[in-house]
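Shown next: upload_30.json, containing JSON, C-alpha atoms.
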[["chain", "number", "residue", "atom", "x", "y", "z"],
["A", 170, "MET", "CA", 50.02, -11.19, -23.10],
["A", 171, "ARG", "CA", 48.53, -11.23, -26.57],
["A", 172, "LYS", "CA", 45.46, -13.01, -25.17],
["A", 173, "HIS", "CA", 44.96, -10.39, -22.48],
["A", 174, "MET", "CA", 46.23, -7.08, -23.89],
["A", 175, "GLN", "CA", 45.70, -5.11, -27.03],
["A", 176, "ILE", "CA", 47.49, -1.85, -27.89],
["A", 177, "LEU", "CA", 46.08, 0.56, -30.47],
["A", 178, "PRO", "CA", 47.74, 1.66, -32.63],
["A", 179, "LYS", "CA", 50.47, -0.96, -32.78],
["A", 180, "MET", "CA", 52.99, 1.42, -34.39],
["A", 181, "ALA", "CA", 53.50, 5.19, -34.16],
["A", 182, "PHE", "CA", 56.10, 7.90, -34.70],
["A", 183, "VAL", "CA", 56.91, 10.32, -31.90],
["A", 184, "GLN", "CA", 58.53, 13.61, -32.82],
["A", 185, "ALA", "CA", 61.23, 15.20, -30.71],
["A", 186, "GLN", "CA", 59.97, 17.12, -27.66],
["A", 187, "SER", "CA", 56.48, 15.70, -28.13],
["A", 188, "SER", "CA", 54.30, 12.94, -26.71],
["A", 189, "PHE", "CA", 52.04, 10.26, -28.00],
["A", 190, "SER", "CA", 48.97, 8.57, -26.49],
["A", 191, "ALA", "CA", 48.13, 4.96, -27.12],
["A", 192, "GLN", "CA", 45.02, 3.00, -26.20],
["A", 193, "LEU", "CA", 45.64, -0.03, -24.05],
["A", 194, "ARG", "CA", 42.76, -2.48, -24.00],
["A", 195, "PHE", "CA", 42.58, -5.18, -21.37],
["A", 196, "LEU", "CA", 40.72, -8.38, -22.17],
["A", 197, "PRO", "CA", 40.22, -9.92, -18.73],
["A", 198, "ARG", "CA", 40.69, -13.62, -18.30],
["A", 199, "ALA", "CA", 42.12, -13.67, -14.79],
["A", 200, "SER", "CA", 43.70, -11.38, -12.20],
["A", 201, "LEU", "CA", 46.93, -10.09, -13.61],
["A", 202, "GLU", "CA", 50.08, -8.30, -12.61],
["A", 203, "VAL", "CA", 52.30, -8.36, -15.70],
["A", 204, "PRO", "CA", 55.64, -6.63, -16.25],
["A", 205, "LEU", "CA", 56.01, -5.03, -19.68],
["A", 206, "LYS", "CA", 58.80, -3.40, -21.61],
["A", 207, "VAL", "CA", 58.49, -0.79, -24.33],
["A", 208, "HIS", "CA", 61.32, -0.77, -26.85],
["A", 209, "VAL", "CA", 62.06, 2.63, -28.32],
["A", 210, "ALA", "CA", 63.84, 3.07, -31.60],
["A", 211, "ASP", "CA", 67.43, 4.36, -31.32],
["A", 212, "GLN", "CA", 67.28, 3.74, -27.55],
["A", 213, "ALA", "CA", 69.27, 0.88, -26.11],
["A", 214, "GLN", "CA", 67.47, 0.69, -22.74],
["A", 215, "PRO", "CA", 63.81, -0.37, -22.89],
["A", 216, "VAL", "CA", 61.15, 1.41, -20.79],
["A", 217, "PRO", "CA", 59.78, -1.01, -18.12],
["A", 218, "PHE", "CA", 56.33, -0.78, -16.49],
["A", 219, "THR", "CA", 53.86, -3.13, -14.81],
["A", 220, "VAL", "CA", 50.18, -3.65, -15.62],
["A", 221, "HIS", "CA", 47.92, -4.34, -12.60],
["A", 222, "ALA", "CA", 44.39, -5.57, -13.21],
["A", 223, "VAL", "CA", 41.56, -6.91, -11.04],
["A", 224, "VAL", "CA", 39.11, -9.12, -12.85],
["A", 225, "THR", "CA", 35.48, -9.03, -11.63],
["A", 226, "THR", "CA", 32.36, -10.82, -12.72],
["A", 227, "SER", "CA", 29.53, -9.25, -14.68],
["A", 228, "ASP", "CA", 26.81, -11.47, -13.23],
["A", 229, "LEU", "CA", 23.53, -10.27, -11.73],
["A", 230, "ARG", "CA", 21.72, -12.55, -9.29],
["A", 231, "PHE", "CA", 18.04, -12.83, -8.42],
["A", 232, "ASP", "CA", 16.98, -13.71, -4.89],
["A", 233, "PRO", "CA", 15.00, -15.94, -4.89],
["A", 234, "ALA", "CA", 16.29, -17.61, -8.01],
["A", 235, "GLU", "CA", 12.80, -18.97, -8.80],
["A", 236, "VAL", "CA", 9.38, -17.40, -8.16],
["A", 237, "ASP", "CA", 6.37, -19.51, -7.27],
["A", 238, "PHE", "CA", 3.14, -17.50, -7.36],
["A", 239, "GLY", "CA", 1.09, -20.46, -6.19],
["A", 240, "HIS", "CA", -2.64, -20.53, -6.95],
["A", 241, "CYS", "CA", -4.29, -17.39, -8.25],
["A", 242, "SER", "CA", -7.87, -16.70, -9.28],
["A", 243, "ILE", "CA", -8.44, -15.64, -12.87],
["A", 244, "HIS", "CA", -10.15, -12.51, -11.49],
["A", 245, "GLU", "CA", -7.24, -11.46, -9.26],
["A", 246, "CYS", "CA", -3.50, -10.89, -9.49],
["A", 247, "VAL", "CA", -0.58, -12.01, -7.35],
["A", 248, "ARG", "CA", 2.49, -9.89, -6.71],
["A", 249, "THR", "CA", 5.81, -10.77, -5.21],
["A", 250, "SER", "CA", 9.18, -9.09, -4.65],
["A", 251, "VAL", "CA", 12.59, -10.24, -5.78],
["A", 252, "ARG", "CA", 16.02, -8.84, -5.01],
["A", 253, "LEU", "CA", 18.48, -8.18, -7.83],
["A", 254, "SER", "CA", 22.10, -8.20, -6.62],
["A", 255, "ASN", "CA", 25.14, -6.96, -8.52],
["A", 256, "LEU", "CA", 28.02, -9.38, -7.93],
["A", 257, "SER", "CA", 30.48, -7.18, -9.78],
["A", 258, "LEU", "CA", 32.90, -4.69, -8.28],
["A", 259, "LEU", "CA", 31.68, -2.14, -10.81],
["A", 260, "PRO", "CA", 28.26, -0.53, -11.27],
["A", 261, "GLN", "CA", 26.11, -2.13, -13.96],
["A", 262, "ASP", "CA", 23.08, -0.94, -15.85],
["A", 263, "TYR", "CA", 20.11, -3.27, -16.19],
["A", 264, "GLY", "CA", 16.70, -3.19, -17.76],
["A", 265, "PHE", "CA", 13.76, -5.48, -18.56],
["A", 266, "LEU", "CA", 13.19, -4.84, -22.25],
["A", 267, "GLY", "CA", 11.37, -8.00, -23.23],
["A", 268, "VAL", "CA", 14.61, -9.83, -23.96],
["A", 269, "PRO", "CA", 15.28, -12.59, -21.40],
["A", 270, "GLN", "CA", 18.85, -11.55, -20.62],
["A", 271, "PHE", "CA", 18.28, -12.35, -16.94],
["A", 272, "PRO", "CA", 16.49, -15.69, -16.68],
["A", 273, "LEU", "CA", 14.04, -15.82, -13.78],
["A", 274, "PRO", "CA", 11.87, -18.95, -13.80],
["A", 275, "CYS", "CA", 8.29, -18.32, -12.65],
["A", 276, "ARG", "CA", 5.50, -20.77, -11.81],
["A", 277, "ALA", "CA", 1.80, -20.21, -11.19],
["A", 278, "VAL", "CA", -1.51, -22.06, -11.26],
["A", 279, "GLY", "CA", -4.59, -20.23, -12.53],
["A", 280, "VAL", "CA", -7.87, -21.13, -10.81],
["A", 281, "ARG", "CA", -11.45, -20.41, -11.85],
["A", 282, "PRO", "CA", -13.52, -20.10, -8.64],
["A", 283, "PRO", "CA", -16.86, -21.93, -8.61],
["A", 284, "LEU", "CA", -18.69, -18.72, -7.52],
["A", 285, "GLU", "CA", -18.57, -15.26, -9.09],
["A", 286, "LEU", "CA", -19.18, -11.70, -7.88],
["A", 287, "SER", "CA", -21.03, -9.25, -10.09],
["A", 288, "HIS", "CA", -18.59, -6.52, -8.94],
["A", 289, "ARG", "CA", -15.18, -6.98, -7.37],
["A", 290, "LEU", "CA", -14.65, -3.27, -6.65],
["A", 291, "VAL", "CA", -17.12, -0.95, -4.89],
["A", 292, "ARG", "CA", -16.43, 2.77, -4.66],
["A", 293, "PHE", "CA", -18.68, 4.39, -2.06],
["A", 294, "GLY", "CA", -19.51, 8.06, -2.28],
["A", 295, "ALA", "CA", -18.32, 10.52, 0.36],
["A", 296, "THR", "CA", -20.07, 9.42, 3.56],
["A", 297, "ALA", "CA", -20.41, 11.57, 6.66],
["A", 298, "VAL", "CA", -19.27, 10.20, 9.98],
["A", 299, "ALA", "CA", -22.17, 8.61, 11.90],
["A", 300, "ASP", "CA", -24.03, 8.18, 8.61],
["A", 301, "GLY", "CA", -23.98, 5.25, 6.20],
["A", 302, "SER", "CA", -23.85, 4.21, 2.55],
["A", 303, "THR", "CA", -25.06, 0.97, 0.99],
["A", 304, "ALA", "CA", -24.23, -0.76, -2.29],
["A", 305, "THR", "CA", -25.85, -3.86, -3.79],
["A", 306, "LEU", "CA", -24.23, -6.63, -5.80],
["A", 307, "HIS", "CA", -24.75, -10.33, -6.50],
["A", 308, "ILE", "CA", -22.85, -13.53, -5.88],
["A", 309, "SER", "CA", -23.78, -16.27, -8.33],
["A", 310, "HIS", "CA", -23.16, -19.93, -9.01],
["A", 311, "PRO", "CA", -22.60, -20.36, -12.77],
["A", 312, "GLY", "CA", -23.63, -23.99, -12.55],
["A", 313, "GLY", "CA", -22.20, -26.76, -14.70],
["A", 314, "SER", "CA", -21.30, -30.09, -13.19],
["A", 315, "GLN", "CA", -20.50, -28.56, -9.80],
["A", 316, "GLY", "CA", -22.83, -29.12, -6.86],
["A", 317, "PRO", "CA", -23.99, -26.68, -4.18],
["A", 318, "ARG", "CA", -21.41, -24.35, -2.69],
["A", 319, "LEU", "CA", -21.22, -22.46, 0.58],
["A", 320, "PHE", "CA", -19.83, -18.91, 0.86],
["A", 321, "TYR", "CA", -18.74, -16.84, 3.83],
["A", 322, "PHE", "CA", -17.67, -13.15, 3.88],
["A", 323, "SER", "CA", -15.16, -12.18, 6.58],
["A", 324, "PRO", "CA", -14.78, -8.37, 6.92],
["A", 325, "PRO", "CA", -11.75, -7.16, 8.91],
["A", 326, "VAL", "CA", -12.32, -7.12, 12.65],
["A", 327, "GLY", "CA", -13.21, -3.63, 13.90],
["A", 328, "SER", "CA", -13.78, -2.29, 10.39],
["A", 329, "GLU", "CA", -16.58, 0.02, 9.32],
["A", 330, "VAL", "CA", -17.96, -2.24, 6.59],
["A", 331, "SER", "CA", -20.40, -5.15, 6.65],
["A", 332, "VAL", "CA", -21.88, -7.60, 4.15],
["A", 333, "VAL", "CA", -25.45, -8.94, 4.45],
["A", 334, "PRO", "CA", -25.94, -11.84, 4.23],
["A", 335, "ALA", "CA", -22.44, -12.73, 5.37],
["A", 336, "GLU", "CA", -22.88, -16.42, 4.54],
["A", 337, "GLY", "CA", -25.15, -18.65, 2.50],
["A", 338, "ARG", "CA", -25.58, -21.64, 0.19],
["A", 339, "LEU", "CA", -26.01, -21.52, -3.57],
["A", 340, "LEU", "CA", -27.24, -24.20, -5.91],
["A", 341, "PRO", "CA", -26.00, -24.34, -9.51],
["A", 342, "GLY", "CA", -27.60, -21.51, -11.48],
["A", 343, "GLU", "CA", -28.62, -19.53, -8.38],
["A", 344, "LYS", "CA", -27.52, -16.08, -7.29],
["A", 345, "CYS", "CA", -27.86, -14.12, -4.06],
["A", 346, "LEU", "CA", -28.36, -10.38, -3.54],
["A", 347, "LEU", "CA", -25.72, -8.81, -1.25],
["A", 348, "GLN", "CA", -25.87, -5.49, 0.58],
["A", 349, "VAL", "CA", -22.52, -3.95, 1.42],
["A", 350, "SER", "CA", -22.64, -1.13, 3.98],
["A", 351, "PHE", "CA", -20.09, 1.46, 5.02],
["A", 352, "ARG", "CA", -20.72, 3.33, 8.29],
["A", 353, "PRO", "CA", -17.80, 5.53, 9.32],
["A", 354, "ARG", "CA", -17.43, 6.38, 12.97],
["A", 355, "LEU", "CA", -15.05, 8.15, 15.27],
["A", 356, "SER", "CA", -12.44, 6.06, 17.01],
["A", 357, "ASP", "CA", -11.88, 6.26, 20.76],
["A", 358, "HIS", "CA", -8.67, 8.17, 20.15],
["A", 359, "GLN", "CA", -10.45, 10.79, 18.03],
["A", 360, "ILE", "CA", -13.18, 11.14, 20.67],
["A", 361, "ARG", "CA", -10.60, 11.73, 23.41],
["A", 362, "GLU", "CA", -8.83, 14.33, 21.28],
["A", 363, "GLU", "CA", -12.13, 16.11, 20.59],
["A", 364, "ALA", "CA", -13.08, 16.02, 24.28],
["A", 365, "ALA", "CA", -9.72, 17.55, 25.22],
["A", 366, "ARG", "CA", -10.14, 20.27, 22.60],
["A", 367, "ILE", "CA", -13.65, 21.11, 23.84],
["A", 368, "ALA", "CA", -12.49, 21.22, 27.47],
["A", 369, "GLN", "CA", -9.64, 23.55, 26.53],
["A", 370, "ARG", "CA", -12.03, 25.79, 24.63],
["A", 371, "ALA", "CA", -14.41, 25.90, 27.62],
["A", 372, "VAL", "CA", -11.57, 26.99, 29.92],
["A", 373, "LEU", "CA", -10.61, 29.73, 27.46],
["A", 374, "LEU", "CA", -14.20, 30.99, 27.27],
["A", 375, "ARG", "CA", -14.39, 31.06, 31.08],
["A", 376, "ARG", "CA", -11.23, 33.12, 31.28],
["A", 377, "GLN", "CA", -12.59, 35.59, 28.75],
["A", 378, "GLU", "CA", -15.80, 35.99, 30.77],
["A", 379, "LEU", "CA", -13.81, 36.67, 33.94],
["A", 380, "GLU", "CA", -11.72, 39.29, 32.13],
["A", 381, "ARG", "CA", -14.84, 41.05, 30.87],
["A", 382, "SER", "CA", -16.43, 41.06, 34.34],
["A", 383, "ARG", "CA", -13.45, 42.81, 36.00],
["A", 384, "PRO", "CA", -13.55, 46.66, 36.20],
["A", 385, "GLU", "CA", -11.10, 48.48, 33.99],
["A", 386, "GLN", "CA", -8.09, 49.62, 36.08],
["A", 387, "HIS", "CA", -5.87, 51.13, 33.39],
["A", 388, "THR", "CA", -6.15, 52.57, 29.95],
["A", 389, "GLY", "CA", -4.37, 51.55, 26.86],
["A", 390, "PRO", "CA", -4.82, 49.15, 24.02],
["A", 391, "GLN", "CA", -6.69, 46.05, 25.02],
["A", 392, "GLU", "CA", -7.85, 42.95, 23.22],
["A", 393, "LEU", "CA", -11.39, 43.04, 21.90],
["A", 394, "PRO", "CA", -13.64, 40.74, 23.95],
["A", 395, "ALA", "CA", -15.40, 37.92, 22.20],
["A", 396, "GLU", "CA", -19.01, 38.57, 21.22],
["A", 397, "PRO", "CA", -21.33, 37.09, 23.88],
["A", 398, "ALA", "CA", -24.03, 34.65, 22.95],
["A", 399, "LYS", "CA", -27.51, 35.94, 22.21],
["A", 400, "GLY", "CA", -29.56, 36.57, 25.33],
["A", 401, "GLY", "CA", -26.44, 36.79, 27.48],
["A", 402, "ARG", "CA", -26.38, 33.03, 28.12],
["A", 403, "ARG", "CA", -23.33, 30.81, 27.88],
["A", 404, "THR", "CA", -23.45, 28.39, 25.01],
["A", 405, "ARG", "CA", -22.83, 24.78, 25.91],
["A", 406, "PRO", "CA", -19.89, 23.29, 24.02],
["A", 407, "PRO", "CA", -20.79, 20.43, 21.70],
["A", 408, "ALA", "CA", -20.56, 16.94, 23.09],
["A", 409, "PRO", "CA", -17.46, 14.87, 22.25],
["A", 410, "ARG", "CA", -19.54, 12.45, 20.22],
["A", 411, "CYS", "CA", -20.17, 15.23, 17.71],
["A", 412, "SER", "CA", -18.20, 14.49, 14.56],
["A", 413, "THR", "CA", -17.64, 18.06, 13.39],
["A", 414, "ALA", "CA", -13.89, 17.76, 13.95],
["A", 415, "SER", "CA", -13.48, 14.46, 12.10],
["A", 416, "PRO", "CA", -10.95, 14.77, 9.26],
["A", 417, "ARG", "CA", -11.53, 13.63, 5.70],
["A", 418, "ARG", "CA", -10.05, 10.19, 5.12],
["A", 419, "LEU", "CA", -10.14, 7.40, 2.58],
["A", 420, "CYS", "CA", -10.13, 3.78, 3.77],
["A", 421, "ARG", "CA", -9.54, 0.76, 1.61],
["A", 422, "TYR", "CA", -10.81, -2.64, 2.70],
["A", 423, "VAL", "CA", -10.34, -6.04, 1.09],
["A", 424, "VAL", "CA", -13.04, -8.47, 2.23],
["A", 425, "PRO", "CA", -12.36, -12.16, 1.48],
["A", 426, "CYS", "CA", -15.22, -14.45, 0.53],
["A", 427, "PHE", "CA", -14.39, -18.06, 1.31],
["A", 428, "VAL", "CA", -15.99, -20.71, -0.90],
["A", 429, "SER", "CA", -16.35, -24.35, 0.10],
["A", 430, "ASP", "CA", -15.09, -27.29, -1.91],
["A", 431, "GLY", "CA", -18.55, -28.84, -1.83],
["A", 432, "ASP", "CA", -21.78, -29.14, 0.08],
["A", 433, "LEU", "CA", -22.18, -30.36, 3.64],
["A", 434, "PRO", "CA", -23.03, -34.05, 4.00],
["A", 435, "ALA", "CA", -26.74, -34.55, 4.62],
["A", 436, "ASP", "CA", -26.18, -37.42, 7.06],
["A", 437, "ASP", "CA", -23.84, -35.46, 9.36],
["A", 438, "PRO", "CA", -25.37, -32.21, 10.71],
["A", 439, "GLN", "CA", -22.23, -31.56, 12.83],
["A", 440, "ALA", "CA", -19.87, -31.59, 9.85],
["A", 441, "GLN", "CA", -17.83, -28.47, 9.12],
["A", 442, "ALA", "CA", -17.44, -26.99, 5.66],
["A", 443, "ALA", "CA", -14.07, -27.39, 3.95],
["A", 444, "TRP", "CA", -13.02, -23.92, 2.77],
["A", 445, "SER", "CA", -10.54, -23.94, -0.09],
["A", 446, "PRO", "CA", -8.04, -21.06, -0.27],
["A", 447, "GLN", "CA", -7.81, -21.50, -4.05],
["A", 448, "ASN", "CA", -11.52, -20.67, -4.44],
["A", 449, "THR", "CA", -11.43, -17.50, -2.31],
["A", 450, "LEU", "CA", -13.00, -14.37, -3.83],
["A", 451, "TYR", "CA", -11.96, -10.85, -2.83],
["A", 452, "LEU", "CA", -14.19, -7.77, -2.64],
["A", 453, "GLU", "CA", -12.33, -4.47, -2.62],
["A", 454, "LEU", "CA", -14.06, -1.47, -1.01],
["A", 455, "HIS", "CA", -13.02, 2.19, -1.31],
["A", 456, "CYS", "CA", -14.64, 4.13, 1.53],
["A", 457, "PRO", "CA", -14.21, 7.93, 1.80],
["A", 458, "ALA", "CA", -15.37, 9.43, 5.12],
["A", 459, "VAL", "CA", -15.98, 13.18, 5.44],
["A", 460, "GLN", "CA", -16.93, 15.68, 8.09],
["A", 461, "PRO", "CA", -20.71, 16.27, 8.12],
["A", 462, "PRO", "CA", -21.69, 19.83, 7.12],
["A", 463, "LEU", "CA", -24.39, 19.98, 9.83],
["A", 464, "VAL", "CA", -24.86, 18.05, 13.04],
["A", 465, "VAL", "CA", -28.11, 18.21, 15.05],
["A", 466, "ILE", "CA", -27.81, 17.32, 18.73],
["A", 467, "SER", "CA", -29.91, 18.03, 21.79],
["A", 468, "GLY", "CA", -28.72, 18.85, 25.30],
["A", 469, "HIS", "CA", -25.93, 16.79, 26.78],
["A", 470, "GLY", "CA", -25.21, 15.13, 23.47],
["A", 471, "HIS", "CA", -28.47, 13.16, 23.15],
["A", 472, "ASN", "CA", -29.48, 13.16, 19.49],
["A", 473, "ALA", "CA", -32.54, 10.85, 19.85],
["A", 474, "ILE", "CA", -36.12, 12.04, 20.36],
["A", 475, "ASP", "CA", -38.67, 9.68, 21.89],
["A", 476, "PHE", "CA", -42.25, 10.82, 21.20],
["A", 477, "GLN", "CA", -43.63, 8.03, 23.42],
["A", 478, "GLN", "CA", -47.19, 6.99, 22.51]]
For this file, write the structure as structure tokens.
Amino acid sequence: MRKHMQILPKMAFVQAQSSFSAQLRFLPRASLEVPLKVHVADQAQPVPFTVHAVVTTSDLRFDPAEVDFGHCSIHECVRTSVRLSNLSLLPQDYGFLGVPQFPLPCRAVGVRPPLELSHRLVRFGATAVADGSTATLHISHPGGSQGPRLFYFSPPVGSEVSVVPAEGRLLPGEKCLLQVSFRPRLSDHQIREEAARIAQRAVLLRRQELERSRPEQHTGPQELPAEPAKGGRRTRPPAPRCSTASPRRLCRYVVPCFVSDGDLPADDPQAQAAWSPQNTLYLELHCPAVQPPLVVISGHGHNAIDFQQ
């Protein structure tokens, strides 16, 4: 047991009618169940007891054991998730302090795209629903030994952003002006909710008018009637397309810009461009939409005026 147990102190004196505490250290090498005997001075019979121990590992395991980030542009970053599992039967503290105590091999390939964006992040100002905001930036071809390149912006389907021109061709040393637009609008779900709210409000107003038109049949405290519209006419509720009830929201869009490996062959007009995922650029857009402070509409929700000739 000398390889597995250590008792501190190794010798002690115990007075009569008293007790003594010793420290028993276990140096695990394997699962153990060892009988022990303690010999006491001036006592013929030793004191028997058994030491039970369960040995557990202290290993931590990463899943996956190796991380492959693949290809990543020098203007972007790639993130991934790993799971750290404790294989021990006991809780363990861990920390990443710059010392490679937990080896986790990582691989990645940095790529410099042939085209560049003047800005990779556009923060639009607060834009009212049914209005629009526009930002300008450039996409350029630095040149060098590379030939012409094609580019193609692909905004998310059904989004409120657009890029003009969405596609084009750049020679070495050229650049192209881009207009990025954000036009927030109400979704069909928001329009239905607003229509239901307006219909409910119209029913409530009708009930109030009927209550005011009835003769008073009893006295007592009553609710104050709502103030009628000027001229005694009913006011028409706003049309559902009105965006006065639209909440404030912030949308974030990431628009990929695919870049071709080369130019199209001049002798084959039907050839398709080969888009390389390693050369893809990403344009991030932060788009806050707000409720407009004023909305001008004409009767029945028509907000267009045609002066004819």
Kindly assemble as CSV a list of the region 224-325 of chain A residues that lie within 12 Å of region 355-372 of chain A, each paired with its nearest atom pair and their distance in Å to one decimal, using only C-alpha atoms, sorted first by chain and then by ascending residue number.
residue,atom,partner,partner_atom,distance
A:Ala297,CA,A:Leu355,CA,10.7
A:Val298,CA,A:Leu355,CA,7.1
A:Ala299,CA,A:Leu355,CA,7.9
A:Asp300,CA,A:Leu355,CA,11.2
Save out the residues we just selected, C-alpha atoms, as a PDB file, in the frame of the given file.
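Below is the file that was written, part.pdb:
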ATOM      1  CA  ALA A 297     -20.410  11.570   6.660  1.00  0.00           C
ATOM      2  CA  VAL A 298     -19.270  10.200   9.980  1.00  0.00           C
ATOM      3  CA  ALA A 299     -22.170   8.610  11.900  1.00  0.00           C
ATOM      4  CA  ASP A 300     -24.030   8.180   8.610  1.00  0.00           C
TER       5      ASP A 300
END
key: Nearest to Asp232 (chain A), chosen from A:Gly312, A:Pro272, A:Pro461, A:Pro283, with all atoms listed in the file counted in the distances   =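 Nearest to Asp232 (chain A): A:Pro272.
Shortest atom-to-atom contact with Arg281 (chain A) among A:Val428, A:Ile474, A:Leu373, A:Leu379: A:Val428, counting all atoms listed in the file.
Between CA of Ser250 (chain A) and CA of His288 (chain A) the interatomic distance comes to 28.2 Å.
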key: Using all atoms listed in the file: which of A:Arg376, A:Leu258, A:Leu346, A:Thr305 has the shortest distance to Phe293 (chain A)   = A:Thr305
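Counting all atoms listed in the file and comparing A:Leu419, A:Val424, A:Ala435, A:Cys246, the residue that lies closest to Phe322 (chain A) is A:Val424.
Checking A:Ala277, A:Met174, A:Cys345, A:Leu306 one by one against Leu290 (chain A), counting only C-alpha atoms, you find the shortest gap at A:Leu306.
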N, CA, C and O atoms of region 267-281 of chain A, written as an mmCIF file, in the first residue's frame:
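Saved result, selection_29.cif, follows:
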data_model
loop_
_atom_site.group_PDB
_atom_site.id
_atom_site.type_symbol
_atom_site.label_atom_id
_atom_site.label_comp_id
_atom_site.auth_asym_id
_atom_site.auth_seq_id
_atom_site.Cartn_x
_atom_site.Cartn_y
_atom_site.Cartn_z
ATOM 1 N N GLY A 267 -4.189 30.692 -22.423
ATOM 2 C CA GLY A 267 -3.034 30.861 -23.280
ATOM 3 C C GLY A 267 -2.052 29.709 -23.207
ATOM 4 O O GLY A 267 -1.124 29.633 -24.014
ATOM 5 N N VAL A 268 -2.223 28.838 -22.235
ATOM 6 C CA VAL A 268 -1.353 27.670 -22.108
ATOM 7 C C VAL A 268 -2.070 26.485 -22.737
ATOM 8 O O VAL A 268 -3.196 26.164 -22.347
ATOM 9 N N PRO A 269 -1.475 25.830 -23.713
ATOM 10 C CA PRO A 269 -2.166 24.726 -24.404
ATOM 11 C C PRO A 269 -2.258 23.467 -23.560
ATOM 12 O O PRO A 269 -1.646 22.443 -23.863
ATOM 13 N N GLN A 270 -3.026 23.532 -22.459
ATOM 14 C CA GLN A 270 -3.220 22.343 -21.643
ATOM 15 C C GLN A 270 -4.157 21.354 -22.332
ATOM 16 O O GLN A 270 -4.045 20.148 -22.124
ATOM 17 N N PHE A 271 -5.108 21.882 -23.116
ATOM 18 C CA PHE A 271 -6.030 21.015 -23.843
ATOM 19 C C PHE A 271 -5.727 21.161 -25.330
ATOM 20 O O PHE A 271 -6.157 22.136 -25.957
ATOM 21 N N PRO A 272 -4.985 20.254 -25.915
ATOM 22 C CA PRO A 272 -4.655 20.412 -27.335
ATOM 23 C C PRO A 272 -5.885 20.227 -28.211
ATOM 24 O O PRO A 272 -6.621 19.260 -28.091
ATOM 25 N N LEU A 273 -6.110 21.207 -29.088
ATOM 26 C CA LEU A 273 -7.199 21.157 -30.056
ATOM 27 C C LEU A 273 -6.646 21.597 -31.400
ATOM 28 O O LEU A 273 -6.542 22.799 -31.677
ATOM 29 N N PRO A 274 -6.276 20.672 -32.262
ATOM 30 C CA PRO A 274 -5.711 21.050 -33.557
ATOM 31 C C PRO A 274 -6.737 21.800 -34.407
ATOM 32 O O PRO A 274 -7.903 21.439 -34.472
ATOM 33 N N CYS A 275 -6.299 22.868 -35.050
ATOM 34 C CA CYS A 275 -7.161 23.684 -35.906
ATOM 35 C C CYS A 275 -6.462 23.900 -37.250
ATOM 36 O O CYS A 275 -5.240 24.096 -37.309
ATOM 37 N N ARG A 276 -7.282 23.882 -38.321
ATOM 38 C CA ARG A 276 -6.776 24.123 -39.664
ATOM 39 C C ARG A 276 -7.638 25.167 -40.346
ATOM 40 O O ARG A 276 -8.838 25.245 -40.112
ATOM 41 N N ALA A 277 -7.018 25.972 -41.200
ATOM 42 C CA ALA A 277 -7.744 26.988 -41.949
ATOM 43 C C ALA A 277 -6.891 27.441 -43.128
ATOM 44 O O ALA A 277 -5.657 27.321 -43.099
ATOM 45 N N VAL A 278 -7.570 27.959 -44.151
ATOM 46 C CA VAL A 278 -6.888 28.477 -45.337
ATOM 47 C C VAL A 278 -7.373 29.908 -45.563
ATOM 48 O O VAL A 278 -8.572 30.144 -45.790
ATOM 49 N N GLY A 279 -6.476 30.867 -45.453
ATOM 50 C CA GLY A 279 -6.823 32.262 -45.697
ATOM 51 C C GLY A 279 -6.821 32.571 -47.188
ATOM 52 O O GLY A 279 -5.918 32.147 -47.919
ATOM 53 N N VAL A 280 -7.837 33.296 -47.642
ATOM 54 C CA VAL A 280 -7.994 33.610 -49.065
ATOM 55 C C VAL A 280 -8.132 35.120 -49.232
ATOM 56 O O VAL A 280 -8.865 35.770 -48.472
ATOM 57 N N ARG A 281 -7.436 35.653 -50.212
ATOM 58 C CA ARG A 281 -7.597 37.070 -50.574
ATOM 59 C C ARG A 281 -8.465 37.139 -51.825
ATOM 60 O O ARG A 281 -8.043 36.742 -52.919
#
